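Have a look at target_30.cif below; it lists mmCIF, C-alpha atoms.
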```
data_work
loop_
_atom_site.group_PDB
_atom_site.id
_atom_site.type_symbol
_atom_site.label_atom_id
_atom_site.label_comp_id
_atom_site.auth_asym_id
_atom_site.auth_seq_id
_atom_site.Cartn_x
_atom_site.Cartn_y
_atom_site.Cartn_z
ATOM 1 C CA MET Y 3 0.000 0.000 0.000
ATOM 2 C CA LYS Y 4 1.324 3.425 -0.985
ATOM 3 C CA ASN Y 5 2.084 6.000 1.689
ATOM 4 C CA VAL Y 6 1.869 9.147 -0.445
ATOM 5 C CA LEU Y 7 3.319 12.195 1.273
ATOM 6 C CA LEU Y 8 3.224 14.770 -1.539
ATOM 7 C CA SER Y 9 1.143 14.692 -4.691
ATOM 8 C CA THR Y 10 0.281 17.053 -7.518
ATOM 9 C CA ARG Y 11 -2.477 17.002 -10.106
ATOM 10 C CA ASP Y 12 -2.290 18.978 -13.387
ATOM 11 C CA LEU Y 13 0.157 21.425 -11.778
ATOM 12 C CA ARG Y 14 0.824 24.488 -13.894
ATOM 13 C CA LYS Y 15 2.862 27.647 -13.357
ATOM 14 C CA VAL Y 16 2.807 30.680 -15.650
ATOM 15 C CA TYR Y 17 4.974 33.776 -15.214
ATOM 16 C CA GLY Y 18 4.244 37.152 -16.792
ATOM 17 C CA LYS Y 19 1.406 38.231 -19.038
ATOM 18 C CA ARG Y 20 0.705 38.649 -22.729
ATOM 19 C CA ASN Y 21 3.954 39.044 -24.710
ATOM 20 C CA SER Y 22 6.132 38.247 -21.682
ATOM 21 C CA LYS Y 23 4.112 35.174 -20.720
ATOM 22 C CA PHE Y 24 6.183 32.088 -19.934
ATOM 23 C CA THR Y 25 4.771 28.711 -18.938
ATOM 24 C CA ALA Y 26 7.261 27.075 -16.564
ATOM 25 C CA LEU Y 27 5.196 23.954 -15.749
ATOM 26 C CA LYS Y 28 2.683 22.362 -18.116
ATOM 27 C CA GLY Y 29 0.506 19.986 -16.127
ATOM 28 C CA ILE Y 30 2.578 17.930 -13.680
ATOM 29 C CA ASP Y 31 1.043 14.793 -12.152
ATOM 30 C CA LEU Y 32 3.281 13.394 -9.436
ATOM 31 C CA GLU Y 33 3.247 11.284 -6.268
ATOM 32 C CA ILE Y 34 6.127 11.126 -3.791
ATOM 33 C CA GLU Y 35 6.001 8.515 -1.054
ATOM 34 C CA THR Y 36 7.276 8.839 2.493
ATOM 35 C CA GLY Y 37 10.945 7.859 2.770
ATOM 36 C CA GLU Y 38 11.837 8.176 -0.901
ATOM 37 C CA SER Y 39 14.981 9.906 -2.122
ATOM 38 C CA VAL Y 40 14.016 11.714 -5.315
ATOM 39 C CA ALA Y 41 16.195 13.587 -7.788
ATOM 40 C CA ILE Y 42 14.494 16.173 -9.983
ATOM 41 C CA ILE Y 43 16.825 16.720 -12.898
ATOM 42 C CA GLY Y 44 16.844 18.870 -16.012
ATOM 43 C CA LYS Y 45 18.652 21.632 -17.841
ATOM 44 C CA SER Y 46 18.522 25.274 -16.814
ATOM 45 C CA GLY Y 47 15.045 26.614 -17.563
ATOM 46 C CA SER Y 48 13.458 23.166 -17.630
ATOM 47 C CA GLY Y 49 11.152 23.922 -14.691
ATOM 48 C CA LYS Y 50 12.845 21.729 -12.083
ATOM 49 C CA SER Y 51 13.424 24.528 -9.564
ATOM 50 C CA THR Y 52 9.894 25.848 -10.118
ATOM 51 C CA LEU Y 53 8.547 22.380 -9.338
ATOM 52 C CA MET Y 54 10.592 22.173 -6.146
ATOM 53 C CA HIS Y 55 9.431 25.597 -4.973
ATOM 54 C CA LEU Y 56 5.814 24.606 -5.509
ATOM 55 C CA LEU Y 57 6.229 21.242 -3.762
ATOM 56 C CA ALA Y 58 7.903 23.048 -0.860
ATOM 57 C CA LEU Y 59 4.978 25.511 -0.654
ATOM 58 C CA LEU Y 60 7.344 28.426 -1.242
ATOM 59 C CA ASP Y 61 5.247 29.515 -4.208
ATOM 60 C CA THR Y 62 1.698 28.976 -5.430
ATOM 61 C CA PRO Y 63 0.692 27.330 -8.720
ATOM 62 C CA THR Y 64 -1.246 29.115 -11.425
ATOM 63 C CA SER Y 65 -3.574 26.113 -11.479
ATOM 64 C CA GLY Y 66 -3.681 22.519 -10.303
ATOM 65 C CA THR Y 67 -3.408 21.057 -6.811
ATOM 66 C CA ILE Y 68 -0.684 20.161 -4.339
ATOM 67 C CA LYS Y 69 -1.578 17.771 -1.543
ATOM 68 C CA LEU Y 70 0.413 17.093 1.615
ATOM 69 C CA ASN Y 71 -0.676 13.951 3.417
ATOM 70 C CA GLY Y 72 -3.812 13.977 1.277
ATOM 71 C CA LYS Y 73 -4.811 17.542 2.204
ATOM 72 C CA ASN Y 74 -5.179 20.217 -0.464
ATOM 73 C CA THR Y 75 -2.683 22.937 0.514
ATOM 74 C CA SER Y 76 -4.420 25.618 -1.581
ATOM 75 C CA LYS Y 77 -7.201 25.744 1.005
ATOM 76 C CA LEU Y 78 -4.842 26.675 3.844
ATOM 77 C CA LYS Y 79 -4.571 30.241 5.058
ATOM 78 C CA LYS Y 80 -1.175 31.920 4.799
ATOM 79 C CA ARG Y 81 -0.334 31.752 8.515
ATOM 80 C CA LYS Y 82 -1.200 28.063 8.748
ATOM 81 C CA LEU Y 83 0.732 27.373 5.554
ATOM 82 C CA ASN Y 84 3.821 29.077 6.984
ATOM 83 C CA ARG Y 85 3.578 27.043 10.195
ATOM 84 C CA LEU Y 86 3.111 23.846 8.223
ATOM 85 C CA ARG Y 87 6.147 24.546 6.036
ATOM 86 C CA ASN Y 88 8.305 25.384 9.049
ATOM 87 C CA LYS Y 89 7.232 22.214 10.851
ATOM 88 C CA GLU Y 90 7.234 19.643 8.053
ATOM 89 C CA PHE Y 91 10.022 20.813 5.718
ATOM 90 C CA GLY Y 92 13.744 21.468 5.934
ATOM 91 C CA PHE Y 93 15.711 23.333 3.268
ATOM 92 C CA VAL Y 94 19.278 23.093 2.010
ATOM 93 C CA PHE Y 95 20.229 25.560 -0.726
ATOM 94 C CA GLN Y 96 23.337 25.998 -2.831
ATOM 95 C CA SER Y 97 23.813 29.582 -1.625
ATOM 96 C CA PHE Y 98 23.495 28.676 2.096
ATOM 97 C CA PHE Y 99 21.259 31.686 3.036
ATOM 98 C CA MET Y 100 22.985 32.245 6.356
ATOM 99 C CA ASN Y 101 23.555 35.376 8.433
ATOM 100 C CA SER Y 102 27.324 35.429 8.011
ATOM 101 C CA ASN Y 103 27.912 37.831 10.918
ATOM 102 C CA ASP Y 104 25.905 35.783 13.423
ATOM 103 C CA THR Y 105 27.036 32.644 15.242
ATOM 104 C CA VAL Y 106 26.576 29.137 13.924
ATOM 105 C CA LEU Y 107 24.262 28.396 16.845
ATOM 106 C CA ASN Y 108 21.985 31.354 16.090
ATOM 107 C CA ASN Y 109 21.783 30.414 12.419
ATOM 108 C CA VAL Y 110 20.699 26.876 13.297
ATOM 109 C CA ILE Y 111 18.172 28.052 15.899
ATOM 110 C CA LEU Y 112 16.219 30.258 13.456
ATOM 111 C CA PRO Y 113 13.404 27.763 12.570
ATOM 112 C CA LEU Y 114 12.761 27.188 16.272
ATOM 113 C CA LYS Y 115 12.451 30.932 16.874
ATOM 114 C CA ILE Y 116 9.846 31.080 14.123
ATOM 115 C CA ALA Y 117 8.046 28.146 15.754
ATOM 116 C CA GLY Y 118 8.020 29.934 19.130
ATOM 117 C CA ILE Y 119 10.103 27.331 20.979
ATOM 118 C CA ARG Y 120 11.548 28.447 24.333
ATOM 119 C CA ARG Y 121 15.190 29.526 24.501
ATOM 120 C CA LYS Y 122 16.493 26.606 26.577
ATOM 121 C CA GLU Y 123 14.842 24.035 24.317
ATOM 122 C CA ARG Y 124 16.058 25.888 21.221
ATOM 123 C CA ARG Y 125 19.647 25.656 22.382
ATOM 124 C CA ARG Y 126 19.353 21.981 23.327
ATOM 125 C CA ARG Y 127 17.911 21.002 19.963
ATOM 126 C CA ALA Y 128 20.359 23.184 18.043
ATOM 127 C CA MET Y 129 23.341 21.582 19.771
ATOM 128 C CA GLU Y 130 21.895 18.142 19.060
ATOM 129 C CA ALA Y 131 21.541 19.024 15.376
ATOM 130 C CA LEU Y 132 25.107 20.381 15.262
ATOM 131 C CA LYS Y 133 26.362 17.136 16.800
ATOM 132 C CA THR Y 134 24.614 15.225 14.017
ATOM 133 C CA VAL Y 135 26.627 17.157 11.404
ATOM 134 C CA GLU Y 136 29.795 17.053 13.571
ATOM 135 C CA LEU Y 137 29.981 20.803 14.142
ATOM 136 C CA ALA Y 138 29.112 21.158 17.835
ATOM 137 C CA ASP Y 139 32.580 22.626 18.443
ATOM 138 C CA LYS Y 140 31.797 25.469 15.999
ATOM 139 C CA ALA Y 141 28.600 26.626 17.735
ATOM 140 C CA LYS Y 142 30.078 29.932 18.896
ATOM 141 C CA ASN Y 143 31.962 30.672 15.672
ATOM 142 C CA LYS Y 144 30.756 33.305 13.254
ATOM 143 C CA ALA Y 145 29.228 31.701 10.177
ATOM 144 C CA ASN Y 146 31.507 33.843 8.018
ATOM 145 C CA ASP Y 147 34.549 32.031 9.432
ATOM 146 C CA LEU Y 148 33.482 28.605 8.152
ATOM 147 C CA SER Y 149 34.510 26.793 4.996
ATOM 148 C CA GLY Y 150 31.967 26.118 2.264
ATOM 149 C CA GLY Y 151 31.511 22.531 3.387
ATOM 150 C CA GLN Y 152 31.047 23.573 7.007
ATOM 151 C CA LYS Y 153 28.455 26.171 5.982
ATOM 152 C CA GLN Y 154 26.503 23.530 4.104
ATOM 153 C CA ARG Y 155 26.611 21.242 7.162
ATOM 154 C CA VAL Y 156 25.262 24.114 9.255
ATOM 155 C CA CYS Y 157 22.433 24.456 6.725
ATOM 156 C CA ILE Y 158 21.686 20.747 7.111
ATOM 157 C CA ALA Y 159 21.642 21.139 10.902
ATOM 158 C CA ARG Y 160 19.165 24.004 10.473
ATOM 159 C CA ALA Y 161 17.108 21.854 8.090
ATOM 160 C CA ILE Y 162 16.749 18.954 10.543
ATOM 161 C CA ILE Y 163 16.235 20.906 13.770
ATOM 162 C CA ASN Y 164 12.429 20.622 13.552
ATOM 163 C CA ASN Y 165 12.538 16.887 12.745
ATOM 164 C CA PRO Y 166 11.043 17.488 9.288
ATOM 165 C CA LYS Y 167 9.314 14.893 7.152
ATOM 166 C CA VAL Y 168 10.938 16.263 3.995
ATOM 167 C CA ILE Y 169 14.276 17.878 3.169
ATOM 168 C CA PHE Y 170 14.376 19.889 -0.045
ATOM 169 C CA ALA Y 171 17.907 20.336 -1.362
ATOM 170 C CA ASP Y 172 18.538 22.638 -4.331
ATOM 171 C CA GLU Y 173 21.965 21.892 -5.854
ATOM 172 C CA PRO Y 174 23.320 21.141 -2.353
ATOM 173 C CA THR Y 175 26.852 20.403 -3.569
ATOM 174 C CA GLY Y 176 26.998 22.927 -6.415
ATOM 175 C CA ASN Y 177 29.471 25.289 -4.686
ATOM 176 C CA LEU Y 178 31.646 22.574 -3.163
ATOM 177 C CA ASP Y 179 34.703 20.641 -4.303
ATOM 178 C CA SER Y 180 34.158 16.959 -5.107
ATOM 179 C CA ALA Y 181 35.514 15.579 -1.821
ATOM 180 C CA THR Y 182 33.480 17.967 0.339
ATOM 181 C CA GLY Y 183 30.442 17.434 -1.869
ATOM 182 C CA ALA Y 184 30.676 13.676 -1.355
ATOM 183 C CA LYS Y 185 30.586 14.177 2.421
ATOM 184 C CA ILE Y 186 27.490 16.378 2.157
ATOM 185 C CA GLU Y 187 25.801 13.797 -0.073
ATOM 186 C CA GLU Y 188 26.527 11.015 2.407
ATOM 187 C CA LEU Y 189 25.138 13.115 5.256
ATOM 188 C CA LEU Y 190 21.898 13.784 3.365
ATOM 189 C CA PHE Y 191 21.442 10.151 2.347
ATOM 190 C CA SER Y 192 22.189 8.923 5.863
ATOM 191 C CA LEU Y 193 19.354 11.142 7.149
ATOM 192 C CA ASN Y 194 17.112 9.554 4.516
ATOM 193 C CA ARG Y 195 18.157 5.993 5.430
ATOM 194 C CA GLU Y 196 18.400 6.270 9.199
ATOM 195 C CA LYS Y 197 15.680 8.782 10.060
ATOM 196 C CA GLY Y 198 13.280 8.063 7.193
ATOM 197 C CA ILE Y 199 13.301 11.680 6.042
ATOM 198 C CA THR Y 200 12.001 12.048 2.497
ATOM 199 C CA LEU Y 201 14.742 13.636 0.400
ATOM 200 C CA ILE Y 202 13.953 15.735 -2.685
ATOM 201 C CA ILE Y 203 17.017 16.987 -4.542
ATOM 202 C CA VAL Y 204 17.014 19.380 -7.483
ATOM 203 C CA THR Y 205 20.204 18.932 -9.473
ATOM 204 C CA HIS Y 206 21.816 18.822 -12.885
ATOM 205 C CA ASP Y 207 24.480 16.449 -11.486
ATOM 206 C CA GLU Y 208 23.789 13.038 -13.010
ATOM 207 C CA GLU Y 209 26.081 11.223 -10.548
ATOM 208 C CA LEU Y 210 24.219 12.684 -7.571
ATOM 209 C CA ALA Y 211 20.884 11.840 -9.207
ATOM 210 C CA GLN Y 212 21.949 8.199 -9.628
ATOM 211 C CA LYS Y 213 22.364 7.907 -5.860
ATOM 212 C CA CYS Y 214 18.673 8.664 -5.309
ATOM 213 C CA SER Y 215 16.117 5.867 -5.340
ATOM 214 C CA ARG Y 216 14.150 7.688 -8.040
ATOM 215 C CA ARG Y 217 14.927 10.132 -10.855
ATOM 216 C CA ILE Y 218 12.388 12.513 -12.359
ATOM 217 C CA ARG Y 219 13.578 14.297 -15.488
ATOM 218 C CA ILE Y 220 11.933 17.597 -16.465
ATOM 219 C CA THR Y 221 12.078 19.086 -19.963
ATOM 220 C CA ASP Y 222 10.210 22.228 -21.027
ATOM 221 C CA GLY Y 223 7.956 22.109 -17.986
ATOM 222 C CA GLN Y 224 6.922 18.486 -18.347
ATOM 223 C CA ILE Y 225 8.017 15.178 -16.840
ATOM 224 C CA VAL Y 226 9.654 13.176 -19.613
ATOM 225 C CA THR Y 227 10.960 10.257 -17.527
ATOM 226 C CA ASP Y 228 10.233 8.967 -14.028
ATOM 227 C CA LYS Y 229 12.452 6.022 -13.143
ATOM 228 C CA ASP Y 230 13.590 3.952 -10.205
ATOM 229 C CA THR Y 231 17.355 3.815 -9.929
ATOM 230 C CA ILE Y 232 17.047 0.753 -7.704
ATOM 231 C CA ALA Y 233 15.265 -2.142 -9.421
ATOM 232 C CA LYS Y 234 12.344 -3.751 -7.668
ATOM 233 C CA HIS Y 235 13.189 -7.325 -6.679
ATOM 234 C CA ASN Y 236 11.318 -9.153 -9.379
ATOM 235 C CA LYS Y 237 11.376 -12.855 -8.439
ATOM 236 C CA LYS Y 238 11.219 -14.025 -12.054
ATOM 237 C CA LEU Y 239 14.158 -11.783 -12.984
ATOM 238 C CA ILE Y 240 16.271 -13.351 -10.238
ATOM 239 C CA GLU Y 241 15.254 -16.887 -11.214
ATOM 240 C CA ASP Y 242 16.029 -16.224 -14.887
ATOM 241 C CA SER Y 243 19.434 -14.838 -13.994
ATOM 242 C CA ASP Y 244 20.209 -18.018 -12.063
ATOM 243 C CA ASN Y 245 19.204 -20.204 -15.003
ATOM 244 C CA ASP Y 246 21.202 -18.586 -17.773
ATOM 245 C CA GLY Y 247 24.012 -16.970 -15.844
ATOM 246 C CA MET Y 248 23.534 -13.713 -17.727
ATOM 247 C CA LEU Y 249 22.844 -11.615 -14.639
ATOM 248 C CA ASP Y 250 24.387 -11.812 -11.208
ATOM 249 C CA LYS Y 251 22.072 -11.088 -8.239
ATOM 250 C CA SER Y 252 24.528 -8.582 -6.859
ATOM 251 C CA HIS Y 253 23.998 -6.341 -9.915
ATOM 252 C CA ILE Y 254 20.213 -6.208 -9.799
ATOM 253 C CA LYS Y 255 20.210 -2.876 -7.941
ATOM 254 C CA GLU Y 256 22.099 -1.234 -10.786
ATOM 255 C CA ILE Y 257 19.352 -1.794 -13.351
ATOM 256 C CA GLU Y 258 17.006 1.060 -14.261
ATOM 257 C CA VAL Y 259 13.350 0.114 -14.542
ATOM 258 C CA GLU Y 260 10.395 2.226 -15.515
ATOM 259 C CA GLU Y 261 8.248 3.334 -12.568
ATOM 260 C CA GLU Y 262 5.097 1.256 -12.447
#
```

Rewritten as structure tokens:
Amino acid sequence: MKNVLLSTRDLRKVYGKRNSKFTALKGIDLEIETGESVAIIGKSGSGKSTLMHLLALLDTPTSGTIKLNGKNTSKLKKRKLNRLRNKEFGFVFQSFFMNSNDTVLNNVILPLKIAGIRRKERRRRAMEALKTVELADKAKNKANDLSGGQKQRVCIARAIINNPKVIFADEPTGNLDSATGAKIEELLFSLNREKGITLIIVTHDEELAQKCSRRIRITDGQIVTDKDTIAKHNKKLIEDSDNDGMLDKSHIKEIEVEEE
């Protein structure tokens, strides 16, 4: 039985009017289940970032519906929508969006301030989140004094401080060198595996996309492919591979199969 967390129906987004009109999304139907790791991939201008912003309730569609846990989000008032987003979602962006002159601790605490959590509890949860990303010793440092990789880990700590159901990551390793980027990727995927947080990554990085359990490719505002990167364990496929020796069981996870 499916446990659908986020779903869209005929989702459309149009910017501008008349001669400057641009249709960014052209009727997106999508379901994302709890615990998935999903890569939304496409070229610049394909609509992938627009889709993420709509799924994250950071923007509103021109038409169509977005449901969170089966509830139509368009019917929610702005204040309730803001509370819902702060409670259910965490965000990790390429550009960090940190107050560089404030401390690491204060940057991480921000979502809890918005939620109205008391100071003592804010500090406790912030330190716990910093321990998760191995930066507890940097709590009193100014954010401006951190490396790019450390800043991104602070952003992840901020993203998980409210125990979100979903983390949205927009090009989370785009400004990092390959070694640092690999560490950030592993941290995000470990949160997905160990805490069951649904991970939605917008990226043009094909290698990063391959590490997700599902890849959704966007072209000109439409989904052109929606594939599992980990094959479902089809019993017949395994039996056939045993019979003819053409396919080793250990390689089954590397096969791409169309989403059913």

Item to check | 9 Å contact set for Y:Ile158, only C-alpha atoms, chain neighbours under 5 positions out, as a ChimeraX atom specification | outcome: /Y:92-94,110,131-132,135,153,163,169,186,189-190

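Nearest-residue note for Y:Arg87: choosing from Y:Arg20, Y:Asp139, Y:Asn164, Y:Thr134, the minimum distance belongs to Y:Asn164, counting only C-alpha atoms.
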
Next on the checklist: Here's a test: counting only C-alpha atoms, identify every protein, DNA and RNA residue with an atom at most 9 Å from (20.4, 28.2, -4.4) in the file's coordinate frame, and state them as a VMD selection string.
Outcome noted: chain Y and resid 94 to 99 171 to 174 176

Once 3 Å is added on each side, what are the centre and the three edge lengths, in Å to one decimal, of the axis-aligned box enclosing the listed atoms of stretch 198-210 of chain Y? Present them as JSON.
```
{"center_x": 19.0, "center_y": 13.7, "center_z": -2.9, "size_x": 20.1, "size_y": 17.3, "size_z": 26.2}
```

Item to check | Residue members of the PyMOL selection byres ((chain Y and resi 70) around 10) in the file shown, as a VMD selection string | outcome: chain Y and resid 6 to 10 34 57 to 59 68 to 69 71 to 75 86 90

Test item: residues at most 8 Å from stretch 116-128 of chain Y, only C-alpha atoms, excluding those fewer than 5 positions along its chain, as a PDB file with C-alpha atoms, in the frame of the given file:
```
ATOM      1  CA  ARG Y  85       3.578  27.043  10.195  1.00  0.00           C
ATOM      2  CA  ASN Y  88       8.305  25.384   9.049  1.00  0.00           C
ATOM      3  CA  LYS Y  89       7.232  22.214  10.851  1.00  0.00           C
ATOM      4  CA  LEU Y 107      24.262  28.396  16.845  1.00  0.00           C
ATOM      5  CA  VAL Y 110      20.699  26.876  13.297  1.00  0.00           C
ATOM      6  CA  ILE Y 111      18.172  28.052  15.899  1.00  0.00           C
ATOM      7  CA  ALA Y 159      21.642  21.139  10.902  1.00  0.00           C
ATOM      8  CA  ARG Y 160      19.165  24.004  10.473  1.00  0.00           C
ATOM      9  CA  ILE Y 163      16.235  20.906  13.770  1.00  0.00           C
TER      10      ILE Y 163
END
```

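Counting from atom CA of Y:Lys197, the distance to atom CA of Y:Ala161 is 13.3 Å.
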
Run the PyMOL selection byres ((chain Y and resi 212) around 12) on the file and write out the hits as an mmCIF file with C-alpha atoms, keeping the file's coordinate frame.
```cif
data_model
loop_
_atom_site.group_PDB
_atom_site.id
_atom_site.type_symbol
_atom_site.label_atom_id
_atom_site.label_comp_id
_atom_site.auth_asym_id
_atom_site.auth_seq_id
_atom_site.Cartn_x
_atom_site.Cartn_y
_atom_site.Cartn_z
ATOM 1 C CA SER Y 39 14.981 9.906 -2.122
ATOM 2 C CA VAL Y 40 14.016 11.714 -5.315
ATOM 3 C CA ALA Y 41 16.195 13.587 -7.788
ATOM 4 C CA ILE Y 42 14.494 16.173 -9.983
ATOM 5 C CA ILE Y 43 16.825 16.720 -12.898
ATOM 6 C CA GLU Y 187 25.801 13.797 -0.073
ATOM 7 C CA ILE Y 203 17.017 16.987 -4.542
ATOM 8 C CA THR Y 205 20.204 18.932 -9.473
ATOM 9 C CA HIS Y 206 21.816 18.822 -12.885
ATOM 10 C CA ASP Y 207 24.480 16.449 -11.486
ATOM 11 C CA GLU Y 208 23.789 13.038 -13.010
ATOM 12 C CA GLU Y 209 26.081 11.223 -10.548
ATOM 13 C CA LEU Y 210 24.219 12.684 -7.571
ATOM 14 C CA ALA Y 211 20.884 11.840 -9.207
ATOM 15 C CA LYS Y 213 22.364 7.907 -5.860
ATOM 16 C CA CYS Y 214 18.673 8.664 -5.309
ATOM 17 C CA SER Y 215 16.117 5.867 -5.340
ATOM 18 C CA ARG Y 216 14.150 7.688 -8.040
ATOM 19 C CA ARG Y 217 14.927 10.132 -10.855
ATOM 20 C CA ILE Y 218 12.388 12.513 -12.359
ATOM 21 C CA ARG Y 219 13.578 14.297 -15.488
ATOM 22 C CA LYS Y 229 12.452 6.022 -13.143
ATOM 23 C CA ASP Y 230 13.590 3.952 -10.205
ATOM 24 C CA THR Y 231 17.355 3.815 -9.929
ATOM 25 C CA ILE Y 232 17.047 0.753 -7.704
ATOM 26 C CA LYS Y 255 20.210 -2.876 -7.941
ATOM 27 C CA GLU Y 256 22.099 -1.234 -10.786
ATOM 28 C CA ILE Y 257 19.352 -1.794 -13.351
ATOM 29 C CA GLU Y 258 17.006 1.060 -14.261
#
```
